[in-house]
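Okay, entry38.txt now, which holds compact mmCIF, C-alpha atoms and all ligand atoms:
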# COMPACT_ATOMS: atom_id res chain seq x y z
CA MET A 113 25.68 34.51 -3.40
CA LYS A 114 23.06 31.81 -2.98
CA LYS A 115 20.42 34.48 -2.78
CA LEU A 116 21.77 36.09 -5.93
CA SER A 117 21.78 32.88 -7.96
CA PHE A 118 18.27 32.15 -6.68
CA LEU A 119 17.18 35.56 -7.93
CA PHE A 120 18.86 34.89 -11.26
CA VAL A 121 17.06 31.56 -11.66
CA LEU A 122 13.83 33.29 -10.73
CA ALA A 123 14.42 35.96 -13.37
CA VAL A 124 15.20 33.36 -16.03
CA CYS A 125 12.05 31.41 -15.13
CA ALA A 126 9.97 34.60 -15.17
CA CYS A 127 11.35 35.41 -18.60
CA ALA A 128 10.57 31.93 -19.87
CA LEU A 129 7.07 32.03 -18.40
CA TYR A 130 6.48 35.47 -19.81
CA GLY A 131 7.57 34.04 -23.12
CA ARG A 132 9.93 36.85 -24.04
CA ASN A 133 12.87 34.86 -25.23
CA PRO A 134 11.90 33.35 -28.56
CA LYS A 135 13.34 30.04 -29.68
CA TYR A 136 12.43 30.74 -33.31
CA VAL A 137 12.95 34.17 -34.82
CA PHE A 138 11.82 35.29 -38.27
CA LEU A 139 12.94 38.69 -39.49
CA PHE A 140 11.31 39.71 -42.77
CA ILE A 141 12.67 42.74 -44.62
CA GLY A 142 10.89 44.29 -47.56
CA ASP A 143 13.58 46.17 -49.45
CA GLY A 144 12.07 49.49 -50.39
CA MET A 145 8.89 48.72 -48.42
CA ALA A 146 7.35 51.46 -46.30
CA THR A 147 3.68 52.04 -45.50
CA PRO A 148 2.65 52.99 -49.08
CA GLN A 149 4.03 49.73 -50.52
CA ARG A 150 2.34 47.73 -47.75
CA MET A 151 -0.97 49.50 -48.27
CA VAL A 152 -1.04 49.43 -52.09
CA ALA A 153 -0.50 45.67 -51.94
CA ASP A 154 -3.03 45.40 -49.09
CA GLU A 155 -5.78 47.22 -50.99
CA PHE A 156 -5.06 45.22 -54.13
CA SER A 157 -5.12 41.99 -52.12
CA ARG A 158 -8.54 42.90 -50.68
CA LYS A 159 -9.89 43.83 -54.11
CA MET A 160 -8.75 40.47 -55.48
CA GLY A 161 -10.48 38.56 -52.65
CA ARG A 162 -7.19 37.52 -51.00
CA GLY A 163 -7.96 39.58 -47.91
CA GLN A 164 -5.72 41.82 -45.85
CA LEU A 165 -1.98 41.27 -45.96
CA ALA A 166 -0.83 38.99 -43.14
CA LEU A 167 2.15 41.27 -42.56
CA ASN A 168 -0.24 44.11 -41.74
CA THR A 169 -2.15 42.04 -39.16
CA LEU A 170 0.74 41.64 -36.70
CA PRO A 171 -0.35 43.31 -33.43
CA TYR A 172 2.74 45.33 -32.47
CA HIS A 173 3.76 48.37 -34.54
CA ALA A 174 6.79 50.65 -34.58
CA THR A 175 7.39 53.62 -36.85
CA THR A 176 11.00 53.20 -37.85
CA ARG A 177 13.54 55.86 -38.84
CA THR A 178 15.88 54.70 -41.58
CA ASN A 179 18.64 57.31 -41.98
CA SER A 180 22.30 56.31 -42.36
CA THR A 181 25.13 58.25 -40.66
CA ASP A 182 25.79 60.30 -43.78
CA SER A 183 22.28 60.84 -45.16
CA LEU A 184 18.62 61.00 -44.22
CA VAL A 185 18.08 58.91 -47.36
CA THR A 186 19.84 55.63 -46.67
CA ASP A 187 20.95 52.92 -49.07
CA SER A 188 20.25 49.23 -48.46
CA ALA A 189 23.75 48.43 -47.17
CA ALA A 190 23.71 50.95 -44.33
CA ALA A 191 20.10 50.07 -43.53
CA ALA A 192 20.81 46.33 -43.49
CA THR A 193 23.84 46.90 -41.26
CA ALA A 194 21.75 48.94 -38.81
CA ILE A 195 18.89 46.41 -38.76
CA ALA A 196 21.27 43.45 -38.52
CA CYS A 197 23.99 44.80 -36.21
CA GLY A 198 22.37 47.57 -34.16
CA GLU A 199 24.65 50.41 -35.24
CA LYS A 200 24.06 52.98 -37.96
CA THR A 201 26.78 53.34 -40.57
CA ARG A 202 27.59 55.17 -43.80
CA SER A 203 25.70 54.29 -46.96
CA GLY A 204 27.54 51.52 -48.82
CA ARG A 205 29.06 49.84 -45.74
CA VAL A 206 28.23 46.20 -45.07
CA GLY A 207 28.55 44.98 -41.46
CA MET A 208 31.14 47.67 -40.69
CA ASP A 209 31.18 51.01 -38.90
CA SER A 210 31.10 54.41 -40.61
CA GLU A 211 34.89 54.51 -41.07
CA GLY A 212 34.83 51.08 -42.66
CA LYS A 213 37.37 49.82 -40.11
CA ARG A 214 35.50 48.08 -37.29
CA LYS A 215 33.52 44.89 -37.92
CA LEU A 216 30.04 44.82 -36.40
CA GLU A 217 28.35 41.69 -35.10
CA SER A 218 24.93 40.89 -36.54
CA VAL A 219 22.00 39.27 -34.74
CA ALA A 220 22.60 36.22 -36.92
CA TYR A 221 26.05 35.67 -35.35
CA VAL A 222 24.62 36.32 -31.87
CA ALA A 223 21.87 33.77 -32.52
CA ARG A 224 24.41 31.20 -33.66
CA ARG A 225 26.62 31.85 -30.63
CA ASN A 226 23.58 31.10 -28.50
CA GLY A 227 22.99 27.72 -30.09
CA LYS A 228 20.54 28.61 -32.85
CA LYS A 229 20.79 27.63 -36.47
CA VAL A 230 20.81 30.49 -38.98
CA GLY A 231 19.11 30.92 -42.35
CA ILE A 232 19.41 33.79 -44.84
CA VAL A 233 16.86 34.00 -47.68
CA THR A 234 16.29 36.60 -50.40
CA SER A 235 14.50 37.03 -53.71
CA VAL A 236 17.44 39.00 -55.16
CA THR A 237 21.06 37.88 -55.23
CA ILE A 238 22.24 36.23 -52.03
CA ASN A 239 25.31 38.50 -51.81
CA HIS A 240 23.29 41.69 -52.33
CA ALA A 241 23.44 44.40 -49.66
CA THR A 242 20.51 43.35 -47.44
CA PRO A 243 21.40 39.67 -46.90
CA ALA A 244 25.10 40.62 -46.78
CA GLY A 245 24.45 42.89 -43.79
CA PHE A 246 23.77 39.76 -41.75
CA TYR A 247 26.91 37.76 -42.58
CA ALA A 248 29.53 39.98 -44.30
CA HIS A 249 32.00 42.67 -43.21
CA ARG A 250 33.15 44.79 -46.13
CA PRO A 251 33.71 48.52 -46.58
CA HIS A 252 31.55 48.52 -49.70
CA ARG A 253 28.51 46.62 -50.94
CA SER A 254 29.93 46.45 -54.46
CA GLN A 255 32.58 43.93 -53.30
CA TYR A 256 30.29 41.10 -54.39
CA TYR A 257 32.99 38.47 -54.71
CA ALA A 258 34.48 39.26 -51.30
CA ILE A 259 30.98 39.22 -49.81
CA GLY A 260 30.57 35.76 -51.39
CA LEU A 261 33.68 34.67 -49.49
CA ASP A 262 32.15 36.04 -46.28
CA LEU A 263 29.01 34.01 -47.01
CA ILE A 264 31.06 30.83 -47.01
CA GLY A 265 33.12 32.00 -44.05
CA SER A 266 30.00 32.63 -41.95
CA GLY A 267 29.27 28.92 -41.81
CA PHE A 268 25.56 29.75 -41.50
CA ASP A 269 23.32 26.76 -42.00
CA TYR A 270 21.08 27.80 -44.87
CA PHE A 271 21.29 30.29 -47.70
CA GLY A 272 18.35 30.32 -50.11
CA GLY A 273 16.96 32.38 -52.99
CA GLY A 274 18.70 34.29 -55.76
CA GLY A 275 22.14 33.34 -57.06
CA VAL A 276 25.61 34.55 -56.11
CA GLN A 277 26.34 37.73 -58.08
CA LYS A 278 29.86 37.85 -59.65
CA ASN A 279 30.52 34.34 -58.31
CA ASP A 280 33.57 33.86 -60.51
CA ASP A 281 34.96 37.41 -60.62
CA LYS A 282 38.60 36.88 -61.54
CA THR A 283 39.25 40.63 -61.28
CA ALA A 284 38.48 40.61 -57.53
CA PRO A 285 41.67 41.10 -55.49
CA GLU A 286 40.58 38.28 -53.16
CA TYR A 287 39.89 35.82 -56.02
CA LYS A 288 40.36 32.17 -55.03
CA GLY A 289 37.99 30.38 -57.38
CA ASP A 290 34.29 30.09 -58.12
CA ILE A 291 32.17 30.83 -55.03
CA TYR A 292 29.90 27.82 -55.64
CA GLU A 293 32.91 25.49 -55.85
CA LEU A 294 34.48 27.05 -52.77
CA ALA A 295 31.19 26.67 -50.90
CA ALA A 296 31.02 22.98 -51.83
CA LYS A 297 34.62 22.52 -50.67
CA ALA A 298 33.72 24.22 -47.38
CA GLY A 299 31.01 21.61 -46.79
CA TYR A 300 27.96 23.31 -48.27
CA LYS A 301 25.51 21.24 -50.23
CA VAL A 302 24.97 23.45 -53.29
CA VAL A 303 21.71 23.14 -55.23
CA ARG A 304 20.88 25.39 -58.14
CA ASP A 305 17.29 24.62 -59.13
CA LYS A 306 13.82 24.01 -57.73
CA ALA A 307 14.09 20.22 -57.93
CA GLY A 308 17.30 20.38 -55.89
CA LEU A 309 15.61 22.56 -53.28
CA LEU A 310 12.60 20.27 -52.98
CA ALA A 311 14.85 17.21 -52.63
CA LEU A 312 16.60 18.65 -49.56
CA ARG A 313 15.80 16.88 -46.32
CA PRO A 314 16.36 17.80 -42.65
CA GLY A 315 19.83 16.78 -41.49
CA GLU A 316 21.33 17.85 -44.81
CA GLY A 317 24.07 19.95 -43.18
CA LYS A 318 24.96 23.39 -44.52
CA VAL A 319 23.00 24.35 -47.64
CA LEU A 320 23.41 26.97 -50.37
CA ALA A 321 20.25 26.73 -52.51
CA VAL A 322 19.81 29.18 -55.37
CA GLY A 323 17.04 29.34 -57.96
CA ALA A 324 18.62 31.53 -60.62
CA LYS A 325 21.91 32.91 -61.85
CA GLY A 326 20.90 36.34 -60.56
CA LYS A 327 17.73 37.41 -58.78
CA LEU A 328 14.65 35.16 -58.72
CA PRO A 329 12.16 36.07 -61.48
CA TYR A 330 9.80 38.94 -60.69
CA SER A 331 6.69 37.48 -59.04
CA ILE A 332 4.48 38.98 -61.74
CA ASP A 333 6.48 36.96 -64.34
CA ALA A 334 6.80 33.74 -62.30
CA LYS A 335 5.84 30.56 -64.13
CA GLY A 336 6.29 28.05 -61.30
CA ASP A 337 9.56 26.60 -62.57
CA VAL A 338 11.58 28.57 -60.01
CA ALA A 339 10.88 28.25 -56.28
CA THR A 340 9.22 31.28 -54.67
CA LEU A 341 10.33 33.22 -51.62
CA ALA A 342 7.64 31.36 -49.64
CA GLU A 343 9.02 28.02 -50.83
CA TYR A 344 12.56 28.99 -49.82
CA THR A 345 11.18 30.04 -46.42
CA ALA A 346 9.24 26.79 -45.95
CA ARG A 347 12.26 24.66 -46.86
CA GLY A 348 14.38 26.79 -44.54
CA ILE A 349 12.10 25.97 -41.62
CA GLU A 350 12.45 22.24 -42.30
CA LEU A 351 16.22 22.45 -42.58
CA LEU A 352 16.77 24.72 -39.59
CA ASP A 353 14.29 23.29 -37.08
CA ASN A 354 16.20 21.82 -34.16
CA PRO A 355 16.01 21.76 -30.34
CA GLY A 356 18.16 24.92 -30.11
CA GLY A 357 15.85 26.94 -32.34
CA PHE A 358 16.74 29.17 -35.28
CA PHE A 359 17.03 32.68 -36.66
CA MET A 360 15.92 33.25 -40.24
CA MET A 361 16.11 36.51 -42.20
CA VAL A 362 13.92 36.63 -45.31
CA GLU A 363 14.21 39.55 -47.73
CA GLY A 364 11.70 40.59 -50.36
CA GLY A 365 14.43 42.29 -52.36
CA ALA A 366 12.74 43.14 -55.65
CA ILE A 367 10.12 45.45 -54.08
CA ASP A 368 12.95 47.98 -54.23
CA TRP A 369 13.78 47.22 -57.87
CA CYS A 370 10.15 47.85 -58.89
CA GLY A 371 10.19 51.00 -56.74
CA HIS A 372 13.23 52.33 -58.60
CA ALA A 373 11.37 51.57 -61.84
CA ASN A 374 8.17 53.26 -60.56
CA GLU A 375 6.27 50.11 -61.49
CA ALA A 376 3.17 49.75 -59.29
CA ALA A 377 1.92 46.31 -60.35
CA GLY A 378 5.35 44.69 -60.11
CA ASN A 379 5.90 46.36 -56.75
CA LEU A 380 2.70 45.06 -55.21
CA HIS A 381 3.26 41.54 -56.56
CA GLU A 382 6.67 41.51 -54.81
CA VAL A 383 5.01 42.63 -51.56
CA LEU A 384 2.43 39.83 -52.01
CA ALA A 385 5.29 37.33 -52.50
CA LEU A 386 6.84 38.53 -49.24
CA ASP A 387 3.43 38.25 -47.58
CA GLU A 388 3.15 34.61 -48.73
CA ALA A 389 6.48 33.96 -47.00
CA VAL A 390 5.21 35.72 -43.85
CA ARG A 391 2.15 33.46 -43.95
CA VAL A 392 4.46 30.43 -43.93
CA ALA A 393 6.15 31.78 -40.79
CA LEU A 394 2.84 32.57 -39.11
CA LYS A 395 1.63 29.05 -39.79
CA PHE A 396 4.77 27.72 -38.11
CA ALA A 397 4.17 30.18 -35.23
CA GLU A 398 0.68 28.75 -34.70
CA LYS A 399 2.37 25.47 -33.72
CA HIS A 400 4.87 27.23 -31.42
CA PRO A 401 2.99 30.36 -30.29
CA ASP A 402 4.97 30.99 -27.09
CA GLU A 403 8.36 30.39 -28.67
CA THR A 404 8.18 32.22 -31.99
CA LEU A 405 8.81 35.85 -32.86
CA VAL A 406 7.87 37.18 -36.30
CA ILE A 407 9.04 40.68 -37.27
CA VAL A 408 8.33 42.41 -40.58
CA THR A 409 10.10 45.63 -41.47
CA GLY A 410 11.46 47.55 -44.45
CA ASP A 411 14.94 48.96 -44.92
CA HIS A 412 13.74 52.23 -46.53
CA GLU A 413 11.12 53.51 -48.93
CA THR A 414 11.83 53.46 -52.68
CA GLY A 415 10.23 55.63 -55.35
CA GLY A 416 8.28 58.08 -53.20
CA MET A 417 5.21 55.98 -53.82
CA THR A 418 1.91 57.40 -52.74
CA MET A 419 -1.76 56.50 -52.82
CA GLY A 420 -3.44 59.19 -54.86
CA PHE A 421 -2.54 60.92 -58.11
CA ALA A 422 -3.57 64.30 -59.50
CA GLY A 423 -5.03 62.67 -62.60
CA THR A 424 -7.54 60.58 -60.63
CA GLY A 425 -8.37 63.15 -57.92
CA TYR A 426 -10.28 61.72 -54.96
CA ALA A 427 -10.15 58.15 -56.19
CA MET A 428 -7.94 55.10 -56.56
CA TYR A 429 -8.53 52.22 -58.93
CA MET A 430 -6.37 49.39 -57.64
CA GLU A 431 -8.26 46.79 -59.67
CA ARG A 432 -6.92 48.30 -62.90
CA LEU A 433 -3.47 46.98 -62.00
CA ILE A 434 -4.74 43.44 -62.61
CA ASN A 435 -4.51 44.28 -66.33
CA GLN A 436 -0.72 44.31 -66.15
CA LYS A 437 0.51 40.83 -67.03
CA CYS A 438 4.31 41.14 -66.92
CA SER A 439 7.16 43.18 -65.44
CA HIS A 440 8.64 46.21 -67.18
CA ASP A 441 11.75 44.13 -67.89
CA ALA A 442 9.72 41.36 -69.52
CA PHE A 443 7.73 43.89 -71.55
CA ALA A 444 10.89 45.62 -72.75
CA ALA A 445 12.20 42.19 -73.85
CA LYS A 446 8.96 41.49 -75.74
CA ILE A 447 9.22 44.81 -77.58
CA LYS A 448 12.86 44.13 -78.42
CA ALA A 449 12.00 40.70 -79.81
CA ALA A 450 9.06 42.07 -81.81
CA LYS A 451 11.27 44.76 -83.34
CA LYS A 452 13.86 42.19 -84.27
CA ALA A 453 11.22 40.03 -85.95
CA LYS A 454 9.72 42.99 -87.83
CA PRO A 455 12.20 45.73 -88.80
CA ASP A 456 9.39 48.21 -89.65
CA PHE A 457 7.68 47.60 -86.28
CA SER A 458 5.37 50.59 -85.77
CA PHE A 459 3.50 52.13 -82.86
CA GLU A 460 0.33 50.51 -84.24
CA ASP A 461 2.09 47.14 -83.84
CA ALA A 462 3.11 48.09 -80.31
CA GLU A 463 -0.52 48.89 -79.46
CA LYS A 464 -1.36 45.19 -79.73
CA LEU A 465 1.38 44.32 -77.22
CA LEU A 466 0.26 47.15 -74.92
CA THR A 467 -3.29 45.77 -74.97
CA GLU A 468 -2.10 42.23 -74.23
CA ASN A 469 0.28 43.18 -71.41
CA PHE A 470 -1.28 46.28 -69.84
CA GLY A 471 -4.91 46.10 -70.94
CA PHE A 472 -4.68 49.51 -72.64
CA LYS A 473 -7.30 50.08 -75.31
CA PHE A 474 -6.88 52.35 -78.30
CA THR A 475 -10.40 52.47 -79.65
CA ASP A 476 -13.66 53.68 -78.13
CA ASP A 477 -14.16 56.53 -75.69
CA PRO A 478 -12.02 56.92 -72.53
CA LYS A 479 -15.15 58.11 -70.73
CA LYS A 480 -16.90 54.78 -71.37
CA ASP A 481 -13.97 52.47 -70.56
CA PRO A 482 -11.20 53.59 -68.18
CA MET A 483 -8.64 51.33 -69.88
CA VAL A 484 -8.98 53.33 -73.10
CA VAL A 485 -5.99 55.68 -73.23
CA ASN A 486 -6.82 59.38 -73.30
CA ALA A 487 -4.98 61.92 -75.48
CA LYS A 488 -2.35 62.69 -72.83
CA GLU A 489 -1.65 59.00 -72.14
CA LEU A 490 -1.47 58.26 -75.86
CA LYS A 491 1.14 60.98 -76.28
CA MET A 492 3.16 59.55 -73.35
CA LEU A 493 3.11 56.13 -75.00
CA GLN A 494 3.95 57.47 -78.47
CA ASP A 495 6.85 59.54 -77.08
CA GLY A 496 8.06 56.51 -75.14
CA PHE A 497 7.94 54.43 -78.32
CA LYS A 498 9.95 57.03 -80.24
CA LYS A 499 12.61 57.21 -77.50
CA ASN A 500 12.83 53.42 -77.26
CA LYS A 501 11.39 53.63 -73.74
CA LEU A 502 7.90 52.25 -74.24
CA ALA A 503 8.04 49.98 -71.14
CA ASN A 504 8.87 53.04 -69.09
CA ALA A 505 5.93 55.02 -70.48
CA ALA A 506 3.55 52.08 -70.09
CA ARG A 507 4.22 51.61 -66.37
CA LEU A 508 3.72 55.33 -65.73
CA VAL A 509 0.43 55.38 -67.65
CA MET A 510 -0.61 52.31 -65.63
CA ALA A 511 0.27 53.95 -62.29
CA GLY A 512 -1.75 57.01 -63.31
CA LYS A 513 -4.78 54.92 -64.25
CA ALA A 514 -4.66 53.20 -60.84
CA GLY A 515 -4.15 56.48 -58.96
CA ILE A 516 -0.63 55.77 -57.74
CA GLY A 517 1.90 58.57 -57.59
CA TRP A 518 5.70 58.39 -57.64
CA THR A 519 8.06 61.20 -56.70
CA SER A 520 11.50 59.64 -57.21
CA GLY A 521 13.53 57.01 -58.99
CA SER A 522 15.62 56.65 -55.84
CA HIS A 523 15.07 55.92 -52.17
CA THR A 524 13.34 58.40 -49.88
CA ALA A 525 13.64 59.25 -46.17
CA LEU A 526 10.08 58.19 -45.39
CA PRO A 527 10.02 56.11 -42.18
CA VAL A 528 9.06 52.46 -42.53
CA LEU A 529 6.64 50.38 -40.49
CA THR A 530 7.84 47.51 -38.32
CA THR A 531 5.15 45.03 -37.31
CA SER A 532 5.63 42.02 -35.06
CA LYS A 533 3.93 39.17 -33.29
CA GLY A 534 4.86 36.58 -30.68
CA ALA A 535 7.49 36.14 -28.00
CA GLY A 536 9.13 39.50 -27.30
CA ALA A 537 7.08 41.41 -29.88
CA GLU A 538 5.98 43.93 -27.25
CA LEU A 539 9.50 45.41 -27.40
CA PHE A 540 9.00 46.62 -30.97
CA VAL A 541 6.67 49.58 -30.43
CA GLY A 542 6.70 53.36 -30.62
CA PHE A 543 9.00 55.51 -32.73
CA ILE A 544 12.29 53.67 -33.12
CA GLU A 545 15.54 53.74 -35.09
CA ASN A 546 16.27 50.93 -37.54
CA SER A 547 19.29 50.07 -35.38
CA ASP A 548 16.95 49.49 -32.40
CA ILE A 549 15.66 46.36 -34.13
CA ALA A 550 18.99 44.54 -33.74
CA ARG A 551 19.59 46.02 -30.30
CA LYS A 552 16.26 44.72 -29.06
CA LEU A 553 16.70 41.41 -30.85
CA LYS A 554 20.10 40.89 -29.24
CA THR A 555 18.52 41.17 -25.79
CA LEU A 556 16.05 38.45 -26.77
CA LEU A 557 18.53 36.07 -28.38
ZN ZN B 1 17.28 50.50 -53.81
Write-out of the structure in structure tokens:
Amino acid sequence: MKKLSFLFVLAVCACALYGRNPKYVFLFIGDGMATPQRMVADEFSRKMGRGQLALNTLPYHATTRTNSTDSLVTDSAAAATAIACGEKTRSGRVGMDSEGKRKLESVAYVARRNGKKVGIVTSVTINHATPAGFYAHRPHRSQYYAIGLDLIGSGFDYFGGGGVQKNDDKTAPEYKGDIYELAAKAGYKVVRDKAGLLALRPGEGKVLAVGAKGKLPYSIDAKGDVATLAEYTARGIELLDNPGGFFMMVEGGAIDWCGHANEAAGNLHEVLALDEAVRVALKFAEKHPDETLVIVTGDHETGGMTMGFAGTGYAMYMERLINQKCSHDAFAAKIKAAKKAKPDFSFEDAEKLLTENFGFKFTDDPKKDPMVVNAKELKMLQDGFKKNKLANAARLVMAGKAGIGWTSGSHTALPVLTTSKGAGAELFVGFIENSDIARKLKTLL
């Protein structure tokens, strides 16, 4: 017995010396982020003088299969459940098995059981599928109100980012009152703006900090009045840091939304926003190199994005995406407002807005200036204008000019890349399943 306990102590010491059991764990998830999304943002970042993406510099790599139990093409709920809990499930399920009967335990709960504080951060709504996979147990992701109740019930230390979707849904069978009020009653300090976030200090207790009613603004539209994903991550570190360590999941959720919209510039700006948050974690890791693990993965690919487009042949022109000044949503809103202000708003009027927001030019020769629209692109824009879908046409013309192709408005089965650095990172290599991420993490926590 003595010999056995001696061996056990030896093993624990060896583990500690080897640095495999991280005290601080960051798990970053780019929703809809596979290799194409990482590399489009990477090439753009280099072109703009920002250098390579930090999330692509992490030394350990694993190609990661993303299928759910019912489809090769997963949704975010099944993927989040697999990444968080270590078991694949049906699309739509949140923290539950395929039958929707058995609750699964996420790495966040395991971390908390082992004395760590827990933070959940996202750029979309805090009760959306990906964050929910870490704290909720519901048969379907659409049960936003019930997932909000699970958020409160988790007792996790920090929730930050986008707002609670359907927070006061009186039609929900479980309705008990507004989620924000219930959270406050349960001991959460609730802050709902940037000033509130910045005023938070360590020792605050449990925190629910949201920056918007719904998702945070698209990064490409951000004006500085709403805290960024990186700012929510930085504040999370301050609030969670303690002698027991912490686990923090940070989701770049709107990469997926821009993928569904086939919008290249918006997509890469969301990846850059996630990369800024990763940089915050890596800076923290520099101070605690032997005790910190940083993992960056995606839950699935969205849009069938690729680098290369028939129209541009053997070339890509990433720098042309700098001409896009706002998201497709913001552009659609501008068009709507312009039409309201001028009932006989014509395509010629729209041209001015297209020039301002996408850099498209309608005079001169396309051969002399690549931002001049050619006959085919002009027809796409004119058709889009006629069908009241000009924003849609504009983002596709933009993708074509940059040399980016899209094959789908949905998710695809393309594997994602998992990169990692720090204590225990050597476990995340090879060709793995998304569920392996939680299984490996559980052995480290
Ligand atoms: Zn999606």
Counting only C-alpha atoms, give me one row per residue of segment 344-448 of chain A with an atom at most 6 Å from an atom of segment 460-476 of chain A, showing the shortest contact pair and its distance in Å to one decimal, sorted by chain then residue number, as a tab-separated table.
residue	atom	partner	partner_atom	distance
A:Asn435	CA	A:Gly471	CA	5.0
A:Gln436	CA	A:Phe470	CA	4.2
A:Lys437	CA	A:Asn469	CA	5.0
Got a sec to check which residues lie within 10 Å of ligand ZN 1 (chain B), using all atoms listed in the file, and send them as a compact mmCIF listing (two decimals) with C-alpha atoms, in the frame of the given file?
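The result, stored in selection-v1.txt:
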# COMPACT_ATOMS: atom_id res chain seq x y z
CA ASP A 143 13.58 46.17 -49.45
CA GLY A 144 12.07 49.49 -50.39
CA THR A 186 19.84 55.63 -46.67
CA ASP A 187 20.95 52.92 -49.07
CA SER A 188 20.25 49.23 -48.46
CA ALA A 189 23.75 48.43 -47.17
CA ALA A 241 23.44 44.40 -49.66
CA GLY A 365 14.43 42.29 -52.36
CA ALA A 366 12.74 43.14 -55.65
CA ILE A 367 10.12 45.45 -54.08
CA ASP A 368 12.95 47.98 -54.23
CA TRP A 369 13.78 47.22 -57.87
CA CYS A 370 10.15 47.85 -58.89
CA GLY A 371 10.19 51.00 -56.74
CA HIS A 372 13.23 52.33 -58.60
CA ASP A 411 14.94 48.96 -44.92
CA HIS A 412 13.74 52.23 -46.53
CA GLU A 413 11.12 53.51 -48.93
CA THR A 414 11.83 53.46 -52.68
CA GLY A 415 10.23 55.63 -55.35
CA GLY A 521 13.53 57.01 -58.99
CA SER A 522 15.62 56.65 -55.84
CA HIS A 523 15.07 55.92 -52.17
CA THR A 524 13.34 58.40 -49.88
Distance query 10 Å from (28.2, 53.6, -35.1) using all atoms listed in the file, result as a list in words =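 The requested residues, written out, are Ser180, Thr181, Ala194, Cys197, Gly198, Glu199, Lys200, Thr201, Arg202, Met208, Asp209, Ser210, Glu211, Arg214, Leu216 and Ser547 of chain A.
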Those same residues - C-alpha atoms - I'd like them written as a PDB file, in the frame of the given file.
ATOM      1  CA  SER A 180      22.300  56.310 -42.360  1.00  0.00           C
ATOM      2  CA  THR A 181      25.130  58.250 -40.660  1.00  0.00           C
ATOM      3  CA  ALA A 194      21.750  48.940 -38.810  1.00  0.00           C
ATOM      4  CA  CYS A 197      23.990  44.800 -36.210  1.00  0.00           C
ATOM      5  CA  GLY A 198      22.370  47.570 -34.160  1.00  0.00           C
ATOM      6  CA  GLU A 199      24.650  50.410 -35.240  1.00  0.00           C
ATOM      7  CA  LYS A 200      24.060  52.980 -37.960  1.00  0.00           C
ATOM      8  CA  THR A 201      26.780  53.340 -40.570  1.00  0.00           C
ATOM      9  CA  ARG A 202      27.590  55.170 -43.800  1.00  0.00           C
ATOM     10  CA  MET A 208      31.140  47.670 -40.690  1.00  0.00           C
ATOM     11  CA  ASP A 209      31.180  51.010 -38.900  1.00  0.00           C
ATOM     12  CA  SER A 210      31.100  54.410 -40.610  1.00  0.00           C
ATOM     13  CA  GLU A 211      34.890  54.510 -41.070  1.00  0.00           C
ATOM     14  CA  ARG A 214      35.500  48.080 -37.290  1.00  0.00           C
ATOM     15  CA  LEU A 216      30.040  44.820 -36.400  1.00  0.00           C
ATOM     16  CA  SER A 547      19.290  50.070 -35.380  1.00  0.00           C
TER      17      SER A 547
END
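The shortest atom-to-atom distance to Asn546 of chain A, with all atoms listed in the file taken into account, belongs to A:Asn179 out of A:Gln149, A:Gln164, A:Gln494, A:Asn179.
A straight line drawn from atom CA of Ala324 of chain A to atom CA of Ile238 of chain A is 10.4 Å long.
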Pick the closest to Asp262 of chain A from A:Met145, A:Leu539, A:Leu529, A:Leu294: which is it, counting all atoms listed in the file?
->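 Smallest separation from Asp262 of chain A among the options: A:Leu294.
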Distance query 8 Å from (17.6, 37.3, -58.0) using only C-alpha atoms, result as a JSON list (two decimals) with C-alpha atoms, in the coordinates of the input:
[["chain", "number", "residue", "atom", "x", "y", "z"],
["A", 234, "THR", "CA", 16.29, 36.60, -50.40],
["A", 235, "SER", "CA", 14.50, 37.03, -53.71],
["A", 236, "VAL", "CA", 17.44, 39.00, -55.16],
["A", 237, "THR", "CA", 21.06, 37.88, -55.23],
["A", 238, "ILE", "CA", 22.24, 36.23, -52.03],
["A", 273, "GLY", "CA", 16.96, 32.38, -52.99],
["A", 274, "GLY", "CA", 18.70, 34.29, -55.76],
["A", 275, "GLY", "CA", 22.14, 33.34, -57.06],
["A", 323, "GLY", "CA", 17.04, 29.34, -57.96],
["A", 324, "ALA", "CA", 18.62, 31.53, -60.62],
["A", 325, "LYS", "CA", 21.91, 32.91, -61.85],
["A", 326, "GLY", "CA", 20.90, 36.34, -60.56],
["A", 327, "LYS", "CA", 17.73, 37.41, -58.78],
["A", 328, "LEU", "CA", 14.65, 35.16, -58.72],
["A", 329, "PRO", "CA", 12.16, 36.07, -61.48],
["A", 366, "ALA", "CA", 12.74, 43.14, -55.65]]
Distance query His440 of chain A at most 12 Å, only C-alpha atoms, self and fewer than 3 positions along chain excluded, as an NGL selection string | :A and (330 or 332-333 or 369-379 or 436-437 or 443-447 or 466 or 469-470 or 501-508 or 510)
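Note that the spacing between atom CA of Gly163 of chain A and atom CA of Gly536 of chain A amounts to 26.8 Å.
Straight-line separation from atom CA of Pro134 of chain A to atom CA of Gly207 of chain A: 24.1 Å.
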So which one's closest to Leu309 of chain A, A:Val276, A:Leu351, A:Leu433, A:Ile291? Using all atoms listed in the file, please.
->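 Answer, going by the shortest atom-to-atom distance: A:Leu351.
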Find the residues around Leu556 of chain A up to 9 Å (all atoms listed in the file counted), leave out those fewer than 3 positions away in its own chain, and share them as a PyMOL selection string.
-> chain A and resi 132-134+535-536+552-553
At most 12 Å is the cut-off: for each residue in segment 455-510 of chain A with any atom that close to an atom of segment 419-427 of chain A, write down the nearest atom pair and the distance in Å rounded to one decimal, counting all atoms listed in the file, chain first then increasing number, as CSV.
residue,atom,partner,partner_atom,distance
A:Pro482,CA,A:Thr424,CA,10.9
A:Asn486,CA,A:Gly423,CA,11.3
A:Lys488,CA,A:Gly423,CA,10.6
A:Glu489,CA,A:Gly423,CA,10.8
A:Leu508,CA,A:Phe421,CA,11.3
A:Val509,CA,A:Gly423,CA,10.4
A:Met510,CA,A:Phe421,CA,11.6
